[in-house]
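Student: Here you go, entry.pdb (PDB, C-alpha atoms):
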```pdb
ATOM      1  CA  MET A   1       9.737 -32.292 -41.322
ATOM      2  CA  LEU A   2      10.894 -33.152 -44.830
ATOM      3  CA  GLY A   3      12.087 -29.591 -45.235
ATOM      4  CA  ASP A   4      14.921 -30.372 -42.827
ATOM      5  CA  LEU A   5      16.714 -32.518 -45.422
ATOM      6  CA  THR A   6      19.157 -30.506 -47.465
ATOM      7  CA  GLU A   7      19.425 -30.764 -51.209
ATOM      8  CA  ARG A   8      22.686 -32.670 -50.690
ATOM      9  CA  ASP A   9      20.960 -35.098 -48.295
ATOM     10  CA  ARG A  10      18.238 -35.791 -50.849
ATOM     11  CA  ALA A  11      20.860 -36.247 -53.582
ATOM     12  CA  ILE A  12      22.742 -38.793 -51.448
ATOM     13  CA  LEU A  13      19.568 -40.760 -50.737
ATOM     14  CA  SER A  14      18.541 -40.597 -54.390
ATOM     15  CA  LEU A  15      21.908 -41.879 -55.555
ATOM     16  CA  GLU A  16      21.784 -44.704 -53.036
ATOM     17  CA  ALA A  17      18.230 -45.629 -54.051
ATOM     18  CA  ALA A  18      19.092 -45.595 -57.761
ATOM     19  CA  TRP A  19      22.484 -47.278 -57.532
ATOM     20  CA  PRO A  20      21.424 -50.895 -58.226
ATOM     21  CA  ARG A  21      20.139 -49.714 -61.611
ATOM     22  CA  HIS A  22      23.465 -48.163 -62.597
ATOM     23  CA  GLY A  23      26.616 -49.833 -63.779
ATOM     24  CA  GLY A  24      30.165 -48.636 -63.409
ATOM     25  CA  ALA A  25      32.280 -47.432 -60.563
ATOM     26  CA  LYS A  26      30.172 -45.937 -57.787
ATOM     27  CA  GLU A  27      33.077 -43.826 -56.539
ATOM     28  CA  GLU A  28      33.303 -42.076 -59.905
ATOM     29  CA  VAL A  29      29.572 -41.349 -59.921
ATOM     30  CA  ILE A  30      29.791 -39.965 -56.383
ATOM     31  CA  ARG A  31      32.615 -37.646 -57.400
ATOM     32  CA  THR A  32      31.013 -36.429 -60.638
ATOM     33  CA  GLN A  33      27.406 -36.112 -59.462
ATOM     34  CA  LEU A  34      27.945 -34.954 -55.894
ATOM     35  CA  GLY A  35      31.422 -33.426 -56.030
ATOM     36  CA  MET A  36      32.763 -35.263 -52.998
ATOM     37  CA  SER A  37      35.028 -38.170 -52.203
ATOM     38  CA  ALA A  38      33.590 -41.614 -51.618
ATOM     39  CA  ALA A  39      34.828 -41.484 -48.005
ATOM     40  CA  ARG A  40      32.905 -38.255 -47.359
ATOM     41  CA  TYR A  41      29.821 -39.683 -49.102
ATOM     42  CA  TYR A  42      29.784 -42.742 -46.850
ATOM     43  CA  GLN A  43      30.320 -40.606 -43.727
ATOM     44  CA  LEU A  44      27.342 -38.454 -44.645
ATOM     45  CA  LEU A  45      25.231 -41.447 -45.662
ATOM     46  CA  SER A  46      25.906 -43.148 -42.330
ATOM     47  CA  ARG A  47      24.786 -40.083 -40.378
ATOM     48  CA  LEU A  48      21.835 -39.607 -42.679
ATOM     49  CA  ILE A  49      20.411 -43.109 -42.283
ATOM     50  CA  ASP A  50      20.488 -42.677 -38.515
ATOM     51  CA  SER A  51      18.216 -39.641 -38.743
ATOM     52  CA  ASP A  52      14.456 -39.744 -38.288
ATOM     53  CA  ILE A  53      14.131 -37.150 -41.056
ATOM     54  CA  ALA A  54      15.694 -39.493 -43.610
ATOM     55  CA  LEU A  55      13.526 -42.339 -42.315
ATOM     56  CA  GLU A  56      10.452 -40.202 -42.868
ATOM     57  CA  TYR A  57      11.670 -39.162 -46.329
ATOM     58  CA  ASP A  58      12.318 -42.702 -47.639
ATOM     59  CA  PRO A  59      11.465 -45.353 -45.046
ATOM     60  CA  MET A  60      12.092 -48.409 -47.223
ATOM     61  CA  LEU A  61      15.524 -47.238 -48.361
ATOM     62  CA  VAL A  62      16.660 -46.150 -44.907
ATOM     63  CA  ARG A  63      15.498 -49.380 -43.272
ATOM     64  CA  ARG A  64      17.242 -51.430 -45.975
ATOM     65  CA  LEU A  65      20.482 -49.487 -45.525
ATOM     66  CA  ARG A  66      20.291 -49.853 -41.743
ATOM     67  CA  ARG A  67      19.814 -53.628 -42.083
ATOM     68  CA  ILE A  68      22.802 -53.891 -44.430
ATOM     69  CA  ARG A  69      24.986 -51.799 -42.111
ATOM     70  CA  ASP A  70      23.941 -53.742 -39.018
ATOM     71  CA  SER A  71      24.512 -57.072 -40.744
ATOM     72  CA  ARG A  72      28.020 -56.054 -41.821
ATOM     73  CA  ALA A  73      28.828 -54.835 -38.312
ATOM     74  CA  SER A  74      27.661 -58.138 -36.823
ATOM     75  CA  ARG A  75      29.812 -60.117 -39.254
ATOM     76  CA  ARG A  76      32.854 -57.966 -38.429
ATOM     77  CA  ALA A  77      32.277 -58.377 -34.700
ATOM     78  CA  ALA A  78      31.996 -62.152 -35.086
ATOM     79  CA  ARG A  79      35.474 -62.231 -36.652
ATOM     80  CA  VAL A  80      37.165 -60.397 -33.771
ATOM     81  CA  PRO A  81      38.641 -62.930 -31.311
ATOM     82  CA  GLY A  82      37.467 -62.375 -27.754
ATOM     83  CA  PHE A  83      34.750 -59.885 -28.752
ATOM     84  CA  VAL A  84      31.464 -60.421 -26.982
ATOM     85  CA  GLY A  85      28.679 -58.423 -28.548
TER      86      GLY A  85
END
```
I need this file expressed as structure tokens, please.
Tutor:
Amino acid sequence: MLGDLTERDRAILSLEAAWPRHGGAKEEVIRTQLGMSAARYYQLLSRLIDSDIALEYDPMLVRRLRRIRDSRASRRAARVPGFVG
């Protein structure tokens, strides 16, 4: 199943896995290394971490990213008056 990840998908996951070890502006690294805007990167990353293929490829990274995303979404929802979630 790992063959279903594209080279770009693997590059996105690799950048995300390596990021804590790098300094500097992440947006600049995304643009220079991957040739895309930060907005596009995050769109693709979001779709990617929802895929079983990415989970199989790097389970620890994908689970960590899912936890971070879910935690942020819960905090945002808690700030919305009248939202029951």
Student: Give me the residues within 12 Å of Ser14 (chain A) as a PDB file with C-alpha atoms, keeping the file's coordinate frame, counting all atoms listed in the file and dropping any in the same chain fewer than 4 places off.
Tutor:
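Done, and the output landed in out37.pdb:
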```pdb
ATOM      1  CA  GLU A   7      19.425 -30.764 -51.209  1.00  0.00           C
ATOM      2  CA  ARG A   8      22.686 -32.670 -50.690  1.00  0.00           C
ATOM      3  CA  ASP A   9      20.960 -35.098 -48.295  1.00  0.00           C
ATOM      4  CA  ARG A  10      18.238 -35.791 -50.849  1.00  0.00           C
ATOM      5  CA  ALA A  18      19.092 -45.595 -57.761  1.00  0.00           C
ATOM      6  CA  TRP A  19      22.484 -47.278 -57.532  1.00  0.00           C
ATOM      7  CA  PRO A  20      21.424 -50.895 -58.226  1.00  0.00           C
ATOM      8  CA  ARG A  21      20.139 -49.714 -61.611  1.00  0.00           C
ATOM      9  CA  ILE A  30      29.791 -39.965 -56.383  1.00  0.00           C
ATOM     10  CA  GLN A  33      27.406 -36.112 -59.462  1.00  0.00           C
ATOM     11  CA  LEU A  34      27.945 -34.954 -55.894  1.00  0.00           C
ATOM     12  CA  LEU A  45      25.231 -41.447 -45.662  1.00  0.00           C
ATOM     13  CA  ALA A  54      15.694 -39.493 -43.610  1.00  0.00           C
ATOM     14  CA  TYR A  57      11.670 -39.162 -46.329  1.00  0.00           C
ATOM     15  CA  ASP A  58      12.318 -42.702 -47.639  1.00  0.00           C
ATOM     16  CA  LEU A  61      15.524 -47.238 -48.361  1.00  0.00           C
ATOM     17  CA  VAL A  62      16.660 -46.150 -44.907  1.00  0.00           C
TER      18      VAL A  62
END
```
Student: Under the rule that all atoms listed in the file are counted, which of A:Ile53, A:Ser37, A:Leu65, A:Tyr42 is the nearest residue to Ala17 (chain A)?
Tutor: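 Nearest to Ala17 (chain A): A:Leu65.
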Student: State, in Å with one decimal place, the distance from CA of Glu27 (chain A) to CA of Ala39 (chain A).
Tutor: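 If I compute the distance from CA of Glu27 (chain A) to CA of Ala39 (chain A), I get 9.0 Å.
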Student: From the set A:Leu15, A:Ala78, A:Arg72, A:Glu56, which residue has the shortest atom-to-atom contact distance to Tyr41 (chain A), counting only C-alpha atoms?
Tutor: A:Leu15
Student: Just to confirm, what's the straight-line distance from CA of Arg75 (chain A) to CA of Glu28 (chain A) in Å (one decimal)?
Tutor: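 Interatomic distance here is 27.6 Å.
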Student: So what do you get for CA of Asp4 (chain A) versus CA of Arg63 (chain A), distance-wise?
Tutor: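 Computing it gives 19.0 Å between the two atoms.
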Student: Pick out the closest residue to Met60 (chain A) from this set: A:Ala38, A:Ala25, A:Gln43, A:Leu13. Count all atoms listed in the file.
Tutor: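 Selected residue with least distance to Met60 (chain A): A:Leu13.
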